[in-house]
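A.B. asks: Sending over target11.txt (compact mmCIF, C-alpha atoms and all ligand atoms).
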```txt
# COMPACT_ATOMS: atom_id res chain seq x y z
CA MET X 313 -22.57 -21.27 -25.17
CA ILE X 314 -21.27 -18.68 -22.73
CA LEU X 315 -23.29 -19.96 -19.75
CA SER X 316 -23.78 -23.51 -18.55
CA ASP X 317 -27.24 -25.02 -18.17
CA MET X 318 -26.59 -25.02 -14.45
CA GLN X 319 -25.96 -21.26 -14.38
CA ILE X 320 -29.11 -20.60 -16.36
CA GLU X 321 -31.07 -22.87 -14.03
CA GLN X 322 -29.61 -21.07 -11.01
CA PHE X 323 -30.64 -17.72 -12.49
CA ARG X 324 -34.20 -18.95 -13.01
CA GLU X 325 -34.50 -20.58 -9.57
CA GLN X 326 -32.41 -18.34 -7.30
CA GLY X 327 -32.19 -15.13 -9.30
CA HIS X 328 -28.39 -14.90 -9.20
CA PHE X 329 -25.11 -16.69 -9.94
CA ILE X 330 -21.43 -15.95 -10.48
CA ALA X 331 -19.80 -16.08 -13.90
CA GLU X 332 -16.13 -16.75 -13.25
CA GLY X 333 -13.08 -15.40 -15.07
CA VAL X 334 -14.93 -13.19 -17.55
CA LEU X 335 -12.81 -10.04 -17.70
CA PRO X 336 -9.02 -9.58 -17.82
CA HIS X 337 -7.40 -7.66 -14.96
CA ASP X 338 -5.73 -5.02 -17.14
CA VAL X 339 -9.10 -3.84 -18.43
CA LEU X 340 -10.44 -3.58 -14.87
CA ASN X 341 -7.32 -1.73 -13.71
CA ALA X 342 -7.70 0.85 -16.45
CA ALA X 343 -11.32 1.45 -15.45
CA ALA X 344 -10.28 1.78 -11.79
CA ASP X 345 -8.17 4.84 -12.64
CA ASP X 346 -11.15 6.50 -14.28
CA PHE X 347 -13.41 5.57 -11.36
CA GLU X 348 -10.99 7.35 -9.02
CA ARG X 349 -10.87 10.46 -11.20
CA LEU X 350 -14.66 10.72 -11.38
CA ARG X 351 -15.14 9.83 -7.73
CA SER X 352 -12.83 12.57 -6.51
CA LYS X 353 -14.66 15.06 -8.77
CA GLN X 354 -17.99 13.98 -7.34
CA ASP X 355 -16.70 14.07 -3.75
CA ALA X 356 -15.43 17.62 -4.30
CA GLU X 357 -18.88 18.61 -5.53
CA ILE X 358 -20.58 16.94 -2.54
CA ARG X 359 -18.18 18.70 -0.16
CA SER X 360 -18.79 22.06 -1.79
CA THR X 361 -22.58 21.81 -1.49
CA GLY X 362 -22.48 20.04 1.86
CA GLU X 363 -25.26 17.76 0.65
CA ARG X 364 -25.51 14.26 -0.71
CA ARG X 365 -26.09 14.00 -4.44
CA GLY X 366 -29.04 11.61 -4.76
CA ILE X 367 -27.79 8.36 -3.29
CA SER X 368 -24.15 9.47 -3.47
CA HIS X 369 -22.42 10.50 -0.27
CA GLU X 370 -18.80 11.38 0.20
CA GLY X 371 -17.10 7.96 0.36
CA ARG X 372 -20.10 6.10 -1.11
CA ASN X 373 -20.37 7.27 -4.67
CA PHE X 374 -22.63 6.34 -7.56
CA ILE X 375 -21.46 7.62 -10.94
CA ALA X 376 -23.76 6.86 -13.84
CA HIS X 377 -23.28 6.60 -17.61
CA LEU X 378 -19.62 5.72 -17.46
CA HIS X 379 -19.66 4.77 -21.14
CA LEU X 380 -19.79 8.53 -21.81
CA GLN X 381 -17.14 9.47 -19.30
CA SER X 382 -14.51 6.74 -19.45
CA GLU X 383 -13.20 4.90 -22.47
CA ALA X 384 -11.87 2.09 -20.26
CA SER X 385 -15.33 1.61 -18.78
CA SER X 386 -16.95 1.64 -22.20
CA LYS X 387 -14.69 -1.29 -23.14
CA ILE X 388 -16.15 -3.23 -20.23
CA CYS X 389 -19.79 -2.37 -20.72
CA PHE X 390 -19.68 -3.27 -24.41
CA ASP X 391 -17.52 -6.35 -23.85
CA SER X 392 -18.83 -9.14 -26.07
CA LYS X 393 -18.76 -11.71 -23.25
CA LEU X 394 -20.99 -9.55 -21.09
CA ILE X 395 -23.34 -8.98 -23.99
CA GLN X 396 -23.48 -12.72 -24.66
CA ILE X 397 -24.39 -13.35 -21.03
CA ALA X 398 -27.17 -10.79 -21.38
CA ALA X 399 -28.41 -12.40 -24.59
CA ALA X 400 -28.44 -15.85 -22.97
CA LEU X 401 -30.73 -14.56 -20.22
CA MET X 402 -32.70 -11.67 -21.74
CA GLY X 403 -33.45 -12.99 -25.20
CA GLU X 404 -32.89 -12.11 -28.83
CA ASN X 405 -33.12 -8.33 -28.55
CA VAL X 406 -31.21 -6.59 -25.81
CA ARG X 407 -30.16 -3.05 -25.02
CA LEU X 408 -27.83 -1.47 -22.51
CA TYR X 409 -30.16 -0.13 -19.84
CA TRP X 410 -27.83 1.58 -17.37
CA ASN X 411 -24.23 1.56 -16.20
CA GLN X 412 -22.65 3.07 -13.13
CA ALA X 413 -19.66 2.97 -10.84
CA VAL X 414 -20.29 2.27 -7.18
CA THR X 415 -17.31 3.12 -5.03
CA LYS X 416 -16.78 2.76 -1.32
CA ALA X 417 -13.85 4.49 0.33
CA ALA X 418 -11.56 2.60 2.70
CA HIS X 419 -13.08 2.43 6.19
CA SER X 420 -15.76 5.06 5.48
CA GLY X 421 -17.75 3.77 2.48
CA GLY X 422 -21.15 2.96 3.97
CA ALA X 423 -23.67 0.18 3.41
CA PHE X 424 -26.35 0.31 0.70
CA SER X 425 -29.88 -0.73 1.62
CA TRP X 426 -31.95 -3.74 0.52
CA HIS X 427 -33.58 -3.09 -2.83
CA GLN X 428 -34.62 -4.56 -6.12
CA ASP X 429 -33.06 -2.64 -9.00
CA THR X 430 -36.49 -2.35 -10.61
CA GLY X 431 -37.51 -0.58 -7.37
CA TYR X 432 -35.45 2.42 -8.51
CA HIS X 433 -37.25 2.85 -11.83
CA LYS X 434 -40.15 0.69 -12.84
CA MET X 435 -39.90 -0.91 -16.25
CA ASP X 436 -42.25 -3.04 -18.33
CA PRO X 437 -41.36 -5.89 -18.40
CA LEU X 438 -40.21 -5.61 -14.80
CA GLU X 439 -37.20 -7.86 -15.07
CA TYR X 440 -33.86 -6.85 -16.48
CA LEU X 441 -30.32 -7.97 -15.79
CA THR X 442 -27.62 -6.62 -13.51
CA LEU X 443 -23.97 -7.54 -13.94
CA TRP X 444 -22.05 -6.56 -10.84
CA ILE X 445 -18.36 -6.35 -11.66
CA PRO X 446 -15.88 -5.72 -8.86
CA LEU X 447 -12.62 -4.04 -9.83
CA GLU X 448 -10.88 -5.83 -6.95
CA ASP X 449 -11.79 -8.99 -5.05
CA ALA X 450 -15.08 -8.20 -3.31
CA THR X 451 -15.35 -9.62 0.18
CA VAL X 452 -17.57 -9.26 3.22
CA GLU X 453 -14.86 -7.10 4.77
CA ASN X 454 -14.74 -4.58 1.94
CA GLY X 455 -18.49 -4.35 1.40
CA THR X 456 -19.53 -6.91 -1.16
CA ILE X 457 -23.17 -7.47 -2.08
CA TRP X 458 -25.59 -9.74 -0.23
CA VAL X 459 -28.65 -11.29 -1.86
CA LEU X 460 -31.97 -12.74 -0.77
CA SER X 461 -31.86 -15.87 -2.84
CA GLY X 462 -35.13 -16.59 -4.65
CA SER X 463 -36.58 -13.12 -3.95
CA HIS X 464 -36.84 -12.40 -7.70
CA LYS X 465 -39.99 -14.54 -7.51
CA TRP X 466 -41.68 -12.14 -5.09
CA GLY X 467 -42.53 -9.62 -7.83
CA LEU X 468 -41.80 -5.94 -7.44
CA GLN X 469 -42.11 -4.87 -3.80
CA GLU X 470 -42.88 -1.39 -2.56
CA HIS X 471 -39.76 0.73 -1.95
CA VAL X 472 -39.68 3.61 0.51
CA VAL X 473 -37.07 6.37 0.38
CA ASP X 474 -34.80 6.67 3.40
CA ASP X 475 -34.58 10.46 3.80
CA ASP X 476 -31.13 10.42 5.36
CA LEU X 477 -29.45 8.15 2.85
CA GLY X 478 -31.58 8.68 -0.24
CA ASP X 479 -31.71 4.88 -0.64
CA LYS X 480 -34.94 3.25 -1.75
CA VAL X 481 -35.58 0.47 0.72
CA GLY X 482 -37.71 -2.49 -0.32
CA TYR X 483 -37.10 -5.03 2.44
CA GLN X 484 -37.31 -4.42 6.17
CA GLY X 485 -37.33 -8.06 7.30
CA GLU X 486 -34.91 -9.98 9.49
CA GLU X 487 -33.25 -12.13 6.84
CA PRO X 488 -29.52 -11.33 6.63
CA GLY X 489 -29.26 -12.73 3.10
CA ILE X 490 -26.16 -14.47 1.79
CA PRO X 491 -22.89 -12.73 0.95
CA VAL X 492 -21.70 -12.99 -2.63
CA GLU X 493 -17.93 -12.78 -2.62
CA VAL X 494 -16.64 -12.18 -6.13
CA LYS X 495 -13.08 -12.49 -7.40
CA LYS X 496 -11.61 -9.79 -9.60
CA GLY X 497 -12.38 -10.77 -13.21
CA SER X 498 -15.58 -12.56 -12.26
CA VAL X 499 -19.09 -11.15 -12.43
CA ALA X 500 -22.09 -11.49 -10.13
CA VAL X 501 -25.13 -11.82 -12.36
CA PHE X 502 -28.57 -11.19 -10.95
CA SER X 503 -32.14 -10.42 -11.81
CA SER X 504 -33.27 -6.81 -11.29
CA LEU X 505 -35.99 -8.31 -9.08
CA CYS X 506 -33.53 -10.12 -6.81
CA PHE X 507 -33.19 -8.25 -3.52
CA HIS X 508 -29.64 -7.22 -2.72
CA ARG X 509 -27.75 -4.85 -0.46
CA SER X 510 -24.09 -4.19 0.17
CA GLY X 511 -22.11 -3.88 3.38
CA PRO X 512 -19.80 -1.10 4.55
CA ASN X 513 -16.17 -1.10 3.50
CA ASN X 514 -14.23 -2.00 6.65
CA SER X 515 -10.98 -2.61 4.79
CA ASP X 516 -8.10 -0.23 4.29
CA LYS X 517 -8.48 -0.09 0.49
CA PRO X 518 -11.22 1.29 -1.73
CA ARG X 519 -13.89 -1.11 -2.99
CA ARG X 520 -15.05 -0.33 -6.51
CA ALA X 521 -17.71 -2.07 -8.52
CA TYR X 522 -19.07 -1.48 -12.00
CA VAL X 523 -22.78 -2.11 -12.42
CA VAL X 524 -23.77 -2.83 -16.02
CA GLN X 525 -27.43 -3.53 -16.76
CA PHE X 526 -29.13 -4.88 -19.85
CA CYS X 527 -32.85 -5.14 -20.60
CA PRO X 528 -35.02 -6.50 -23.39
CA SER X 529 -34.87 -3.91 -26.20
CA HIS X 530 -38.60 -3.25 -26.09
CA ALA X 531 -38.67 -2.47 -22.34
CA VAL X 532 -40.20 0.92 -21.52
CA ASP X 533 -41.05 2.78 -18.34
CA ASP X 534 -44.57 3.81 -17.42
CA THR X 535 -44.37 6.90 -19.62
CA GLY X 536 -43.52 4.69 -22.60
CA LEU X 537 -39.93 5.90 -22.66
CA LYS X 538 -36.98 3.64 -23.45
CA TRP X 539 -35.56 4.89 -20.20
CA GLY X 540 -31.85 4.74 -19.42
CA ASP X 541 -28.82 4.51 -21.69
CA ASN X 542 -30.77 2.83 -24.47
CA ILE X 543 -28.06 1.42 -26.69
CA GLU X 544 -29.04 -1.64 -28.66
CA VAL X 545 -26.45 -4.42 -28.27
CA VAL X 546 -28.23 -7.55 -29.55
CA ARG X 547 -30.70 -7.59 -32.44
CA ASP X 548 -32.44 -10.79 -33.56
CA GLY X 549 -29.91 -12.85 -31.63
CA GLN X 550 -26.88 -11.17 -33.26
CA LEU X 551 -24.46 -8.86 -31.51
CA VAL X 552 -24.93 -5.38 -32.93
CA ASP X 553 -21.77 -3.93 -34.43
CA LEU X 554 -21.17 -0.81 -32.44
CA PRO X 555 -19.80 1.89 -34.72
CA SER X 556 -16.03 2.04 -34.46
CA GLY X 557 -14.09 5.25 -34.16
CA ASP X 558 -14.12 7.70 -31.35
CA TRP X 559 -15.57 5.96 -28.34
CA ALA X 560 -17.54 8.94 -27.13
CA GLU X 561 -19.06 9.65 -30.51
CA ARG X 562 -20.16 6.14 -31.27
CA ILE X 563 -22.93 6.28 -28.69
CA VAL X 564 -24.33 9.55 -30.03
CA ASP X 565 -26.70 8.00 -32.50
CA SER X 566 -30.27 8.47 -33.54
CA ARG X 567 -31.99 6.88 -30.61
CA GLU X 568 -35.74 7.17 -30.78
CA ASN X 569 -38.11 7.39 -27.91
CA TRP X 570 -35.34 8.46 -25.60
CA ASP X 571 -34.76 11.42 -23.35
CA SER X 572 -31.18 12.71 -23.34
CA SER X 573 -31.83 14.72 -20.16
CA ILE X 574 -31.69 11.41 -18.30
CA ILE X 575 -28.01 11.36 -19.05
CA GLU X 576 -27.34 15.08 -18.79
CA ASN X 577 -28.77 15.12 -15.28
CA TRP X 578 -26.40 12.40 -14.12
CA ARG X 579 -23.21 13.23 -15.91
CA ILE X 580 -20.35 14.47 -13.77
O1 LIG C 1 -21.96 -1.92 -5.32
C1 LIG C 1 -22.71 -1.82 -4.36
O2 LIG C 1 -22.32 -1.56 -3.25
C2 LIG C 1 -24.18 -2.06 -4.55
C3 LIG C 1 -24.67 -1.55 -5.85
C4 LIG C 1 -26.10 -1.87 -6.07
O3 LIG C 1 -26.72 -2.59 -5.34
C5 LIG C 1 -26.76 -1.30 -7.23
O4 LIG C 1 -26.16 -0.49 -7.95
O5 LIG C 1 -27.94 -1.65 -7.43
```
Take the structure in the file and give it back as structure tokens.
Ligand SMILES: O=C(O)CCC(=O)C(=O)O

C.D. replies:
Amino acid sequence: MILSDMQIEQFREQGHFIAEGVLPHDVLNAAADDFERLRSKQDAEIRSTGERRGISHEGRNFIAHLHLQSEASSKICFDSKLIQIAAALMGENVRLYWNQAVTKAAHSGGAFSWHQDTGYHKMDPLEYLTLWIPLEDATVENGTIWVLSGSHKWGLQEHVVDDDLGDKVGYQGEEPGIPVEVKKGSVAVFSSLCFHRSGPNNSDKPRRAYVVQFCPSHAVDDTGLKWGDNIEVVRDGQLVDLPSGDWAERIVDSRENWDSSIIENWRI
């Protein structure tokens, strides 16, 4: 059993917990190099247009579908331990829903507003799973995440777009939340309905995190689409054997009920 009863209980009651010592440092270091490469490409694009790209700003970058753009990242998002965590919490049939880098530059990487992940794209069922994986120790100083413990029980709240930032904001209350400091190699696990935000990076080093999300395989959005990355990873309680061979080709399969433009629109 990959998770303890206590962790599962904490997930059900509080909507979040930390899984310690899940990923080796060398794998995270390799991904960090790719994050930097993609981040500088995205920053150059943002500078050339002079406009934010969705919720990405220079110094606060979101880079989606890393499994298509970085072999090192694909090793993390299809890591069997992560998939087992997802299976323990999401059930017998699980698919990769989304994966993205979130990078904050030293001193200038800004905060990210309170939201529920489901607030960004509504799914049915509403709840899926977010694994937040820092590539270095994540602290209050360098802009770790904060959560509103227990807020996954509030149901999906209305989110309003902040026109300056592009962020969807779902909580305007006074609660500061609690900081979740996560050691390199460990993973913050939370419900997509658990409100979270992240602080600015006030440190003199970049803060990079990899967000990997899994949902029940049957989850669809309100157009009936298996929205997102849509790669089956657990079927009837068994880990799906991902085809071996070239990492970029193995994800190009015959996915049904899926819109490839979702990925094309986000790819860098
Ligand atoms: O890494 C961060 O700063 C926050 C990322 C986040 O909240 C998200 O991707 O939903």

A.B. asks: With ligand LIG 1 (chain C) as the partner and 6 Å as the cut-off, tabulate the residues of chain X that qualify, each row holding the nearest pair of atoms and their distance in Å to one decimal, using all atoms listed in the file, sorted by chain and rising number, as JSON lines.

C.D. replies:
```
{"residue": "X:Val414", "atom": "CA", "partner": "C:LIG1", "partner_atom": "O1", "distance": 4.9}
{"residue": "X:Phe424", "atom": "CA", "partner": "C:LIG1", "partner_atom": "O2", "distance": 5.9}
{"residue": "X:Asp429", "atom": "CA", "partner": "C:LIG1", "partner_atom": "O5", "distance": 5.4}
{"residue": "X:Arg509", "atom": "CA", "partner": "C:LIG1", "partner_atom": "O3", "distance": 5.5}
{"residue": "X:Ser510", "atom": "CA", "partner": "C:LIG1", "partner_atom": "O2", "distance": 4.7}
{"residue": "X:Ala521", "atom": "CA", "partner": "C:LIG1", "partner_atom": "O1", "distance": 5.3}
{"residue": "X:Val523", "atom": "CA", "partner": "C:LIG1", "partner_atom": "O4", "distance": 5.8}
```

A.B. asks: Calculate how many Å separate CA of Gly485 (chain X) from CA of Pro437 (chain X), rounding to one decimal.

C.D. replies: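 We find that CA of Gly485 (chain X) and CA of Pro437 (chain X) lie 26.1 Å from each other.
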
A.B. asks: Residues within 12 Å of Ile388 (chain X), please, as an MDAnalysis selection string. Count all atoms listed in the file; anything in the same chain fewer than 3 positions from it doesn't count.

C.D. replies: chainID X and resid 334:344 378:379 382:385 391:395 411:413 443:447 497 499 521:525

A.B. asks: Using only C-alpha atoms, can you tell me which of X:Thr415, X:Gly467, X:Lys387, X:Leu537 comes closest to Gln354 (chain X)?

C.D. replies: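 Using only C-alpha atoms, Gln354 (chain X) sits closest to X:Thr415.
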
A.B. asks: Between CA of Val492 (chain X) and CA of Thr456 (chain X), what distance in Å does the model show, to one decimal?

C.D. replies: 6.6 Å

A.B. asks: For Asn542 (chain X), which of X:Ser503, X:Ser463, X:Arg407, X:Asp475 is the closest residue, counting only C-alpha atoms?

C.D. replies: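 With only C-alpha atoms as the atom set, the closest residue is X:Arg407.
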
A.B. asks: Within 10 Å of (-31.1, -13.0, -22.9), only C-alpha atoms: residues as a PDB file with C-alpha atoms, keeping the file's coordinate frame?

C.D. replies:
```pdb
ATOM      1  CA  ILE X 395     -23.340  -8.980 -23.990  1.00  0.00           C
ATOM      2  CA  GLN X 396     -23.480 -12.720 -24.660  1.00  0.00           C
ATOM      3  CA  ILE X 397     -24.390 -13.350 -21.030  1.00  0.00           C
ATOM      4  CA  ALA X 398     -27.170 -10.790 -21.380  1.00  0.00           C
ATOM      5  CA  ALA X 399     -28.410 -12.400 -24.590  1.00  0.00           C
ATOM      6  CA  ALA X 400     -28.440 -15.850 -22.970  1.00  0.00           C
ATOM      7  CA  LEU X 401     -30.730 -14.560 -20.220  1.00  0.00           C
ATOM      8  CA  MET X 402     -32.700 -11.670 -21.740  1.00  0.00           C
ATOM      9  CA  GLY X 403     -33.450 -12.990 -25.200  1.00  0.00           C
ATOM     10  CA  GLU X 404     -32.890 -12.110 -28.830  1.00  0.00           C
ATOM     11  CA  ASN X 405     -33.120  -8.330 -28.550  1.00  0.00           C
ATOM     12  CA  VAL X 406     -31.210  -6.590 -25.810  1.00  0.00           C
ATOM     13  CA  TYR X 440     -33.860  -6.850 -16.480  1.00  0.00           C
ATOM     14  CA  LEU X 441     -30.320  -7.970 -15.790  1.00  0.00           C
ATOM     15  CA  PHE X 526     -29.130  -4.880 -19.850  1.00  0.00           C
ATOM     16  CA  CYS X 527     -32.850  -5.140 -20.600  1.00  0.00           C
ATOM     17  CA  PRO X 528     -35.020  -6.500 -23.390  1.00  0.00           C
ATOM     18  CA  VAL X 546     -28.230  -7.550 -29.550  1.00  0.00           C
ATOM     19  CA  GLY X 549     -29.910 -12.850 -31.630  1.00  0.00           C
TER      20      GLY X 549
END
```

A.B. asks: Could you state the separation of CA of Leu315 (chain X) and CA of Phe502 (chain X) in Å, given to one decimal place?

C.D. replies: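 Computing it gives 13.5 Å between the two atoms.
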
A.B. asks: Could you list as a ChimeraX atom specification every residue that has an atom within 10 Å of (-12.4, -19.7, -11.9), using the file's coordinates and counting all atoms listed in the file?

C.D. replies: /X:330-334,495,497-498

A.B. asks: Taking C-alpha atoms for each residue, export the selection above as a PDB file, keeping the file's coordinate frame.

C.D. replies:
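Listing of result-v9.pdb after writing:
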```pdb
ATOM      1  CA  ILE X 330     -21.430 -15.950 -10.480  1.00  0.00           C
ATOM      2  CA  ALA X 331     -19.800 -16.080 -13.900  1.00  0.00           C
ATOM      3  CA  GLU X 332     -16.130 -16.750 -13.250  1.00  0.00           C
ATOM      4  CA  GLY X 333     -13.080 -15.400 -15.070  1.00  0.00           C
ATOM      5  CA  VAL X 334     -14.930 -13.190 -17.550  1.00  0.00           C
ATOM      6  CA  LYS X 495     -13.080 -12.490  -7.400  1.00  0.00           C
ATOM      7  CA  GLY X 497     -12.380 -10.770 -13.210  1.00  0.00           C
ATOM      8  CA  SER X 498     -15.580 -12.560 -12.260  1.00  0.00           C
TER       9      SER X 498
END
```

A.B. asks: Determine the nearest neighbour of Cys389 (chain X) from the options X:Asp548, X:Gly422, X:Leu554, X:Arg324, counting all atoms listed in the file.

C.D. replies: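 The answer is X:Leu554, which sits nearest to Cys389 (chain X).
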